Structures are given as C-alpha cells and as structure tokens.
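Visitor: Following this line is upload-v4.txt, made up of compact mmCIF, C-alpha atoms:
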# COMPACT_ATOMS: atom_id res chain seq x y z
CA MET A 1 5.53 -45.79 21.00
CA GLU A 2 7.04 -42.45 20.17
CA GLU A 3 5.92 -39.53 22.32
CA PRO A 4 3.99 -36.90 20.33
CA ALA A 5 5.76 -33.56 19.93
CA ALA A 6 4.87 -31.10 22.68
CA ASP A 7 3.49 -28.63 20.18
CA THR A 8 0.90 -30.87 18.53
CA VAL A 9 -2.61 -31.84 19.60
CA PRO A 10 -2.57 -35.30 21.26
CA SER A 11 -3.52 -38.22 18.99
CA ALA A 12 -3.55 -35.89 16.05
CA GLU A 13 -2.68 -36.11 12.40
CA THR A 14 0.24 -33.80 11.74
CA VAL A 15 1.49 -32.08 8.62
CA GLU A 16 5.05 -30.80 8.85
CA LEU A 17 6.67 -28.44 6.41
CA GLU A 18 10.13 -26.89 6.25
CA LEU A 19 10.26 -23.51 4.56
CA PRO A 20 13.26 -21.35 3.71
CA ALA A 21 13.37 -18.11 5.72
CA ARG A 22 12.22 -15.82 2.90
CA PRO A 23 9.23 -13.42 2.75
CA GLU A 24 7.85 -15.21 -0.32
CA VAL A 25 7.12 -18.39 1.64
CA VAL A 26 4.59 -16.80 3.99
CA SER A 27 1.92 -17.17 1.29
CA VAL A 28 2.79 -20.87 1.04
CA ALA A 29 2.24 -21.27 4.80
CA ARG A 30 -1.16 -19.58 4.44
CA LEU A 31 -2.14 -21.90 1.59
CA VAL A 32 -1.22 -25.00 3.60
CA VAL A 33 -3.04 -23.85 6.72
CA GLY A 34 -6.07 -22.77 4.68
CA ALA A 35 -6.19 -26.25 3.12
CA VAL A 36 -5.91 -27.94 6.53
CA ALA A 37 -8.76 -25.81 7.94
CA ALA A 38 -10.92 -26.31 4.83
CA VAL A 39 -11.09 -30.09 5.30
CA GLU A 40 -12.14 -29.76 8.96
CA PRO A 41 -15.93 -29.63 8.93
CA LEU A 42 -16.09 -27.72 12.23
CA PHE A 43 -13.98 -24.88 10.85
CA ASP A 44 -15.99 -22.51 8.66
CA GLU A 45 -14.55 -20.14 6.10
CA GLU A 46 -14.25 -17.24 8.56
CA ARG A 47 -12.38 -19.36 11.09
CA GLY A 48 -10.13 -20.59 8.28
CA ALA A 49 -9.32 -16.95 7.52
CA ASP A 50 -8.37 -16.45 11.19
CA LEU A 51 -5.91 -19.35 10.95
CA ARG A 52 -4.41 -18.03 7.71
CA LEU A 53 -3.91 -14.62 9.31
CA ALA A 54 -2.39 -16.07 12.48
CA VAL A 55 0.08 -18.25 10.59
CA SER A 56 1.01 -15.32 8.38
CA GLU A 57 1.87 -13.28 11.49
CA ALA A 58 3.83 -16.10 13.12
CA CYS A 59 5.83 -16.91 9.97
CA THR A 60 6.54 -13.21 9.35
CA ASN A 61 7.93 -12.89 12.88
CA ALA A 62 9.96 -16.08 12.46
CA ILE A 63 11.51 -14.93 9.18
CA GLN A 64 12.24 -11.44 10.47
CA ALA A 65 13.86 -12.93 13.58
CA GLN A 66 16.10 -15.18 11.51
CA LEU A 67 17.07 -12.44 9.08
CA ALA A 68 17.68 -9.93 11.89
CA ASP A 69 21.19 -8.95 12.76
CA HIS A 70 21.30 -10.26 16.31
CA PRO A 71 23.23 -13.00 18.09
CA GLY A 72 22.08 -16.53 17.43
CA ALA A 73 19.89 -15.71 14.42
CA ASP A 74 20.48 -18.17 11.59
CA PRO A 75 19.21 -16.91 8.22
CA THR A 76 20.02 -20.22 6.53
CA ALA A 77 17.93 -22.44 8.83
CA PRO A 78 14.43 -23.39 7.71
CA ILE A 79 11.24 -22.25 9.38
CA VAL A 80 9.32 -25.34 10.49
CA LEU A 81 5.52 -25.28 10.34
CA ARG A 82 3.57 -28.08 12.01
CA CYS A 83 -0.21 -28.31 11.65
CA SER A 84 -1.92 -30.90 13.79
CA VAL A 85 -5.61 -31.69 13.81
CA GLY A 86 -7.45 -33.65 16.47
CA ASP A 87 -10.24 -33.45 19.05
CA GLY A 88 -11.94 -30.75 16.99
CA ARG A 89 -8.97 -28.45 17.30
CA ILE A 90 -6.17 -27.29 15.04
CA ARG A 91 -2.77 -26.52 16.48
CA LEU A 92 -0.20 -24.58 14.49
CA ALA A 93 3.43 -24.52 15.59
CA VAL A 94 5.97 -22.24 13.91
CA GLN A 95 9.56 -22.93 14.88
CA ASP A 96 12.31 -20.46 14.13
CA HIS A 97 16.06 -20.23 14.58
CA GLY A 98 15.97 -16.55 15.44
CA GLY A 99 18.15 -16.78 18.51
CA GLY A 100 15.33 -16.60 21.06
CA PHE A 101 12.67 -14.11 22.01
CA ASP A 102 11.25 -12.74 25.25
CA PRO A 103 7.46 -12.34 24.94
CA GLU A 104 7.50 -10.36 28.21
CA GLY A 105 9.68 -7.78 26.48
CA LEU A 106 6.97 -6.77 24.00
CA GLN A 107 6.31 -3.06 24.01
CA ALA A 108 2.74 -1.94 24.61
CA HIS A 109 1.42 0.53 22.06
CA PRO A 110 -0.53 3.69 22.81
CA GLU A 111 -4.31 3.40 22.44
CA VAL A 112 -5.47 3.62 18.83
CA THR A 113 -7.23 6.91 19.55
CA ASP A 114 -3.94 8.43 20.73
CA PRO A 115 -2.19 10.33 17.88
CA ALA A 116 1.10 8.81 19.11
CA ARG A 117 -0.22 5.43 17.88
CA LEU A 118 0.84 6.46 14.36
CA GLU A 119 4.48 6.31 15.47
CA HIS A 120 4.24 2.52 15.57
CA GLU A 121 4.08 0.66 12.27
CA GLY A 122 5.11 -2.68 13.74
CA GLY A 123 4.30 -4.78 16.77
CA LEU A 124 0.75 -5.65 15.77
CA GLY A 125 1.40 -9.28 14.91
CA ILE A 126 1.47 -10.95 18.30
CA PRO A 127 -1.51 -8.97 19.66
CA LEU A 128 -3.42 -10.10 16.55
CA ILE A 129 -2.50 -13.74 17.14
CA ARG A 130 -3.67 -13.38 20.76
CA LEU A 131 -7.06 -12.20 19.51
CA LEU A 132 -7.44 -14.98 16.95
CA ALA A 133 -6.13 -18.08 18.74
CA ASP A 134 -7.74 -19.75 21.74
CA GLU A 135 -4.33 -20.49 23.23
CA LEU A 136 -0.91 -19.04 22.51
CA GLU A 137 2.38 -20.26 23.89
CA PHE A 138 6.02 -19.41 23.23
CA GLN A 139 8.31 -22.38 23.74
CA PRO A 140 12.09 -21.89 23.75
CA THR A 141 13.54 -24.41 21.27
CA PRO A 142 17.14 -24.99 20.17
CA GLY A 143 18.44 -21.83 18.52
CA GLY A 144 15.13 -20.00 18.70
CA THR A 145 11.45 -20.08 19.60
CA THR A 146 8.40 -22.13 18.72
CA VAL A 147 5.11 -20.24 18.66
CA VAL A 148 2.25 -22.63 19.39
CA MET A 149 -1.27 -21.50 18.52
CA THR A 150 -4.36 -23.59 19.24
CA PHE A 151 -7.69 -22.94 17.59
CA GLY A 152 -11.17 -24.27 18.30
CA PRO A 153 -13.84 -24.01 15.64
CA ARG A 154 -15.04 -20.59 16.70
CA VAL A 155 -13.99 -17.89 19.08
CA ALA A 156 -15.99 -14.92 20.19
CA VAL A 157 -13.51 -12.26 19.13
CA ASP A 158 -13.28 -9.44 21.60
CA ARG A 159 -13.37 -6.52 19.20
CA SER A 160 -11.41 -4.37 21.55
CA VAL A 161 -8.35 -2.31 21.04
CA VAL A 162 -4.97 -4.02 20.68
CA MET B 1 3.49 -12.94 -5.34
CA ASP B 2 0.67 -11.05 -6.88
CA LEU B 3 0.07 -7.44 -5.85
CA ARG B 4 -1.60 -5.02 -8.22
CA LEU B 5 -1.27 -1.26 -7.77
CA ASP B 6 -3.07 1.27 -9.90
CA VAL B 7 -3.01 5.03 -9.32
CA SER B 8 -5.57 7.47 -10.69
CA GLU B 9 -6.77 10.97 -9.85
CA GLN B 10 -10.30 11.86 -8.79
CA GLY B 11 -10.66 15.57 -8.08
CA ALA B 12 -8.53 16.45 -5.08
CA TRP B 13 -7.82 12.81 -4.34
CA SER B 14 -5.23 10.36 -5.56
CA VAL B 15 -6.78 6.92 -5.69
CA LEU B 16 -4.57 3.88 -5.17
CA GLN B 17 -6.40 0.71 -6.10
CA VAL B 18 -4.79 -2.35 -4.57
CA GLY B 19 -5.39 -5.93 -5.60
CA GLY B 20 -4.05 -9.24 -4.35
CA GLU B 21 -2.43 -10.09 -1.03
CA ILE B 22 -0.63 -7.63 1.25
CA ASP B 23 1.94 -9.35 3.44
CA VAL B 24 5.65 -9.18 4.26
CA ALA B 25 6.55 -10.14 0.68
CA THR B 26 4.39 -7.55 -1.08
CA ALA B 27 4.05 -4.72 1.47
CA PRO B 28 7.36 -3.08 0.44
CA ARG B 29 5.89 -2.32 -3.01
CA LEU B 30 2.81 -0.78 -1.43
CA ARG B 31 5.00 1.29 0.89
CA GLU B 32 7.13 2.52 -2.05
CA GLN B 33 4.05 3.52 -4.03
CA LEU B 34 2.59 5.46 -1.10
CA ILE B 35 5.91 7.21 -0.44
CA ARG B 36 6.09 8.14 -4.13
CA LEU B 37 2.65 9.76 -3.93
CA VAL B 38 3.66 11.79 -0.87
CA ASN B 39 6.93 12.81 -2.55
CA ASP B 40 4.79 14.01 -5.49
CA GLU B 41 2.90 16.15 -2.97
CA ARG B 42 -0.23 14.06 -3.20
CA PHE B 43 -1.41 14.37 0.38
CA ARG B 44 -5.05 13.29 -0.05
CA ILE B 45 -5.04 9.61 -0.78
CA VAL B 46 -7.77 7.00 -1.08
CA VAL B 47 -6.50 3.44 -0.76
CA ASP B 48 -9.11 1.22 -2.36
CA LEU B 49 -8.81 -2.26 -0.82
CA GLU B 50 -11.78 -3.79 -2.67
CA GLY B 51 -9.48 -6.03 -4.71
CA VAL B 52 -7.49 -7.21 -1.69
CA ASP B 53 -7.89 -10.87 -0.71
CA PHE B 54 -5.62 -10.78 2.33
CA ILE B 55 -3.94 -8.27 4.63
CA ASP B 56 -1.90 -8.88 7.76
CA SER B 57 -0.15 -6.64 10.26
CA THR B 58 2.68 -5.86 7.85
CA GLY B 59 0.14 -4.29 5.49
CA LEU B 60 -1.58 -2.48 8.35
CA GLY B 61 1.81 -1.06 9.36
CA VAL B 62 2.37 0.33 5.86
CA LEU B 63 -1.03 2.06 5.94
CA ILE B 64 -0.31 3.48 9.42
CA GLY B 65 3.02 4.84 8.18
CA ALA B 66 1.37 6.43 5.12
CA LEU B 67 -1.37 8.00 7.24
CA LYS B 68 1.29 9.54 9.46
CA ARG B 69 3.14 10.93 6.42
CA VAL B 70 0.10 12.60 4.84
CA ARG B 71 -1.06 14.00 8.20
CA THR B 72 2.27 15.77 8.65
CA HIS B 73 1.28 17.67 5.47
CA ASP B 74 -2.27 18.32 6.72
CA GLY B 75 -3.48 15.66 4.32
CA ASP B 76 -5.53 12.54 4.83
CA LEU B 77 -5.58 8.90 3.84
CA VAL B 78 -8.90 7.06 3.77
CA LEU B 79 -9.81 3.52 2.83
CA VAL B 80 -12.46 1.83 0.72
CA CYS B 81 -13.28 -1.64 2.01
CA THR B 82 -16.42 -3.74 2.25
CA GLU B 83 -15.01 -7.29 2.24
CA PRO B 84 -15.92 -8.63 5.72
CA ARG B 85 -12.67 -10.60 6.16
CA ILE B 86 -10.58 -7.49 5.50
CA VAL B 87 -12.81 -5.15 7.54
CA LYS B 88 -12.54 -7.62 10.44
CA VAL B 89 -8.75 -7.17 10.56
CA PHE B 90 -9.23 -3.41 11.04
CA GLU B 91 -11.95 -4.00 13.63
CA ILE B 92 -10.13 -6.46 15.84
CA THR B 93 -7.00 -4.29 15.89
CA GLY B 94 -9.06 -1.18 16.63
CA LEU B 95 -7.64 0.50 13.52
CA ASN B 96 -11.16 1.15 12.24
CA GLN B 97 -11.01 4.01 14.78
CA VAL B 98 -7.84 5.35 13.17
CA PHE B 99 -8.82 5.06 9.50
CA GLN B 100 -11.98 6.30 7.84
CA ILE B 101 -13.31 3.25 6.03
CA HIS B 102 -15.78 3.96 3.24
CA ALA B 103 -18.18 1.56 1.53
CA SER B 104 -17.45 2.89 -1.95
CA LEU B 105 -14.96 4.97 -3.86
CA ASP B 106 -17.71 7.52 -4.59
CA ASP B 107 -18.27 7.95 -0.84
CA ALA B 108 -14.54 8.33 -0.22
CA VAL B 109 -13.94 11.06 -2.81
CA ALA B 110 -17.17 12.92 -1.96
CA GLU B 111 -15.53 14.50 1.10
Let me see whether you can do it: turn the structure in this file into structure tokens.
Guide:
Amino acid sequence: MEEPAADTVPSAETVELELPARPEVVSVARLVVGAVAAVEPLFDEERGADLRLAVSEACTNAIQAQLADHPGADPTAPIVLRCSVGDGRIRLAVQDHGGGFDPEGLQAHPEVTDPARLEHEGGLGIPLIRLLADELEFQPTPGGTTVVMTFGPRVAVDRSVV
Amino acid sequence: MDLRLDVSEQGAWSVLQVGGEIDVATAPRLREQLIRLVNDERFRIVVDLEGVDFIDSTGLGVLIGALKRVRTHDGDLVLVCTEPRIVKVFEITGLNQVFQIHASLDDAVAE
C-alpha cells in the first residue's frame, strides 16, 4: 500500500488542487476549503471562516514567494493545495516553489499600541495562521516550502496581540 | 474578483464604502483609492466595511498603511464594522487597539 503523504491526516480523504501562482486564485483556494469545512459536521461556520482565512494567508505567501525576485523562485510552477479530512480534523497543506523560507527569520513587529507598528504593513499572515490553526509546520520541499496547518473543530482563540 | 468601492462626503469626513472580498487580488485597488483620497487632501476618512465578506492580512496591511498616511497629516482613519467574522480578524491581530471601530456610519461621522 502506498504511504500517505506526510502532510495529510492519516487514513484521510484528500482533495488535491494545482493552482497557477496568480493573486486571482487565492479566492478559489478559499472556496475549496470553505466547501471542505462545510461538509464536516464538527466544523461550524465560524471555524470554516478560520480555515478560509488561514488558507488565504498561506496561498498569498506562496504566490508572493514564487513571484519574488530571489534565487530558486519559480513563477511558472503551480501552487499545490491539499485538503485532507479524517479523525475529526482538517489538514491543509500549501506547497510552493518559492525557493525556500526560514520561519526562524521572521521579523517580530512592535506591539500594536506602539506608534512604530504603523511602519509595518506586511508580516501579519503567519502570526494569523498561528492563531487560527491548532498546529503549524513548515516542511522544506523540492524547490520551496510546504506549509502544513491542522485544524480541530474549535480552538479557543487567544485574543492577544500578534 | 469582486470589490466595490464607493466614495462620498459626510461633513468633514470622506466615506469609503467597501464591498466584496479584500485579499491579495483586490487590495491594490483599495490601496490606490485610499492614496487618491490622501492626495486629494482628504485626511479624515471613514472606511465602511459593512459590505465586506472577507478580509485577510493583505487588506489589514492596506488599512495600516492608509492610517499612517492620514496621521502624518494630523488626520484620522476610522472603520465601520459589525460583522462578527470581520471584527474577529481585527481582534485576534490586536488591530482593534489601533483602529477605532464604530458600529454605524452615523457614529463614525459624529466625531
């Protein structure tokens, strides 16, 4: 028997989608993930919205990485979205060909109450995913990175400052 | 993708009503509209998000950038938003402490 991919829930049903690296496709990814969450009885509408937001952030990062002018980024490669459902969980994997990414290198922002916070328009995406997903992992994959986000039905969101 | 932008004037305020989804595909249009208002010396802006179905960090970044621009002219940018899913995005990022979020347009322009 074939081994399941490392970024899916074990014994799960998986939907896989290849999307061109263009901003317009992020809404498609949200639609697919929203539909997957909607048929899972344990996932209510609010949790479905969390998944749509998280996949929007991950796909935005993937597309921006591929379209960025840095070594190894391949703007012609597709973004691969895998949604797997099993054991009451949904796992979303977004694979890019952006040349690789160091999550340790993320810059921390000033506190939101600090006026210097307004200097930073970007960099909110990954902190948001961390708040929404139960687990978040960055796996190096050929030519880029796979962001793996696992969601249970509900998470007590810590409404603290990113 | 669908993004609707409608500008009107209410007293000292310019009101930008936004409808649809704000993400990496549509945020550039929102950014351009806000920059145009600032270039027209409209430094008191209400962004009415009541018609918005979705916003992610790209949209939040555009609003942060616009707030910074109007503040450099001693202006302000406030929001109208009651939809729980949209308010939640501001709450979990802590940006509800950065933006004044009003429950109605009347409240926003009353200041």
Visitor: If we count all atoms listed in the file, which residues of chain B reach to within 8 Å of chain A? Please list them as JSON, numbers by chain.
Guide: {"B": [1, 23, 24, 25, 55, 56, 57, 58, 60, 61, 62, 64, 65, 67, 68, 85, 91, 92, 93, 94, 95, 97, 98]}
Visitor: Write out, as a PDB file, in the frame of the given file, the residues just selected, with C-alpha atoms.
Guide:
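Result file is again_9.pdb:
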ATOM      1  CA  MET B   1       3.490 -12.940  -5.340  1.00  0.00           C
ATOM      2  CA  ASP B  23       1.940  -9.350   3.440  1.00  0.00           C
ATOM      3  CA  VAL B  24       5.650  -9.180   4.260  1.00  0.00           C
ATOM      4  CA  ALA B  25       6.550 -10.140   0.680  1.00  0.00           C
ATOM      5  CA  ILE B  55      -3.940  -8.270   4.630  1.00  0.00           C
ATOM      6  CA  ASP B  56      -1.900  -8.880   7.760  1.00  0.00           C
ATOM      7  CA  SER B  57      -0.150  -6.640  10.260  1.00  0.00           C
ATOM      8  CA  THR B  58       2.680  -5.860   7.850  1.00  0.00           C
ATOM      9  CA  LEU B  60      -1.580  -2.480   8.350  1.00  0.00           C
ATOM     10  CA  GLY B  61       1.810  -1.060   9.360  1.00  0.00           C
ATOM     11  CA  VAL B  62       2.370   0.330   5.860  1.00  0.00           C
ATOM     12  CA  ILE B  64      -0.310   3.480   9.420  1.00  0.00           C
ATOM     13  CA  GLY B  65       3.020   4.840   8.180  1.00  0.00           C
ATOM     14  CA  LEU B  67      -1.370   8.000   7.240  1.00  0.00           C
ATOM     15  CA  LYS B  68       1.290   9.540   9.460  1.00  0.00           C
ATOM     16  CA  ARG B  85     -12.670 -10.600   6.160  1.00  0.00           C
ATOM     17  CA  GLU B  91     -11.950  -4.000  13.630  1.00  0.00           C
ATOM     18  CA  ILE B  92     -10.130  -6.460  15.840  1.00  0.00           C
ATOM     19  CA  THR B  93      -7.000  -4.290  15.890  1.00  0.00           C
ATOM     20  CA  GLY B  94      -9.060  -1.180  16.630  1.00  0.00           C
ATOM     21  CA  LEU B  95      -7.640   0.500  13.520  1.00  0.00           C
ATOM     22  CA  GLN B  97     -11.010   4.010  14.780  1.00  0.00           C
ATOM     23  CA  VAL B  98      -7.840   5.350  13.170  1.00  0.00           C
TER      24      VAL B  98
END
Visitor: Tell me, as a compact mmCIF listing (two decimals) with C-alpha atoms, in the coordinates of the input, which residues lie within 7 Å of A:Gly100, counting all atoms listed in the file; anything in the same chain fewer than 3 positions away does not count.
Guide:
# COMPACT_ATOMS: atom_id res chain seq x y z
CA PRO A 140 12.09 -21.89 23.75
CA GLY A 143 18.44 -21.83 18.52
CA GLY A 144 15.13 -20.00 18.70
CA THR A 145 11.45 -20.08 19.60
Visitor: Just checking: using all atoms listed in the file, which residue out of B:Asp2, B:Ala108, B:Ser14, B:Val80 ends up closest to B:Asp40?
Guide: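 Ranked by minimum distance to B:Asp40, first place goes to B:Ser14.
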Visitor: For A:Arg154, which residue out of A:Ala37, A:Leu106, A:Leu31, A:Ala12 is the nearest one, using all atoms listed in the file?
Guide: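 Once distances to A:Arg154 are computed over all atoms listed in the file, the minimum belongs to A:Ala37.
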Visitor: For A:Glu135, which residue out of A:Ala77, A:Ala108, A:Ala93, A:Ala21 is the nearest one, using only C-alpha atoms?
Guide: A:Ala93
Visitor: Atom CA of A:Asp102 to atom CA of A:Thr146: how many Å, to one decimal?
Guide: 11.8 Å
Visitor: For atom CA of B:Glu111 and atom CA of B:Pro28, determine how far apart the two atoms are, in Å to one decimal place.
Guide: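 So the two atoms, atom CA of B:Glu111 and atom CA of B:Pro28, lie 28.9 Å apart.
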Visitor: Considering all atoms listed in the file, can you say which of B:Arg44, B:Arg29, B:Arg69, B:Arg36 comes closest to B:Trp13?
Guide: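 Answer, going by the shortest atom-to-atom distance: B:Arg44.
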Visitor: Can you tell me how far atom CA of A:Asp7 sits from atom CA of A:Leu92, in Å to one decimal?
Guide: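 Between atom CA of A:Asp7 and atom CA of A:Leu92 the gap is 7.9 Å.
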Visitor: Using all atoms listed in the file, which residues sit within 12 Å of B:Ala110 once same-chain residues fewer than 2 positions away are excluded, as a list of chain:residue names?
Guide: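 So the residues in contact are B:Gln10, B:Gly11, B:Ala12, B:Trp13, B:Val46, B:Val78, B:His102, B:Ala103, B:Ser104, B:Leu105, B:Asp106, B:Asp107, B:Ala108.
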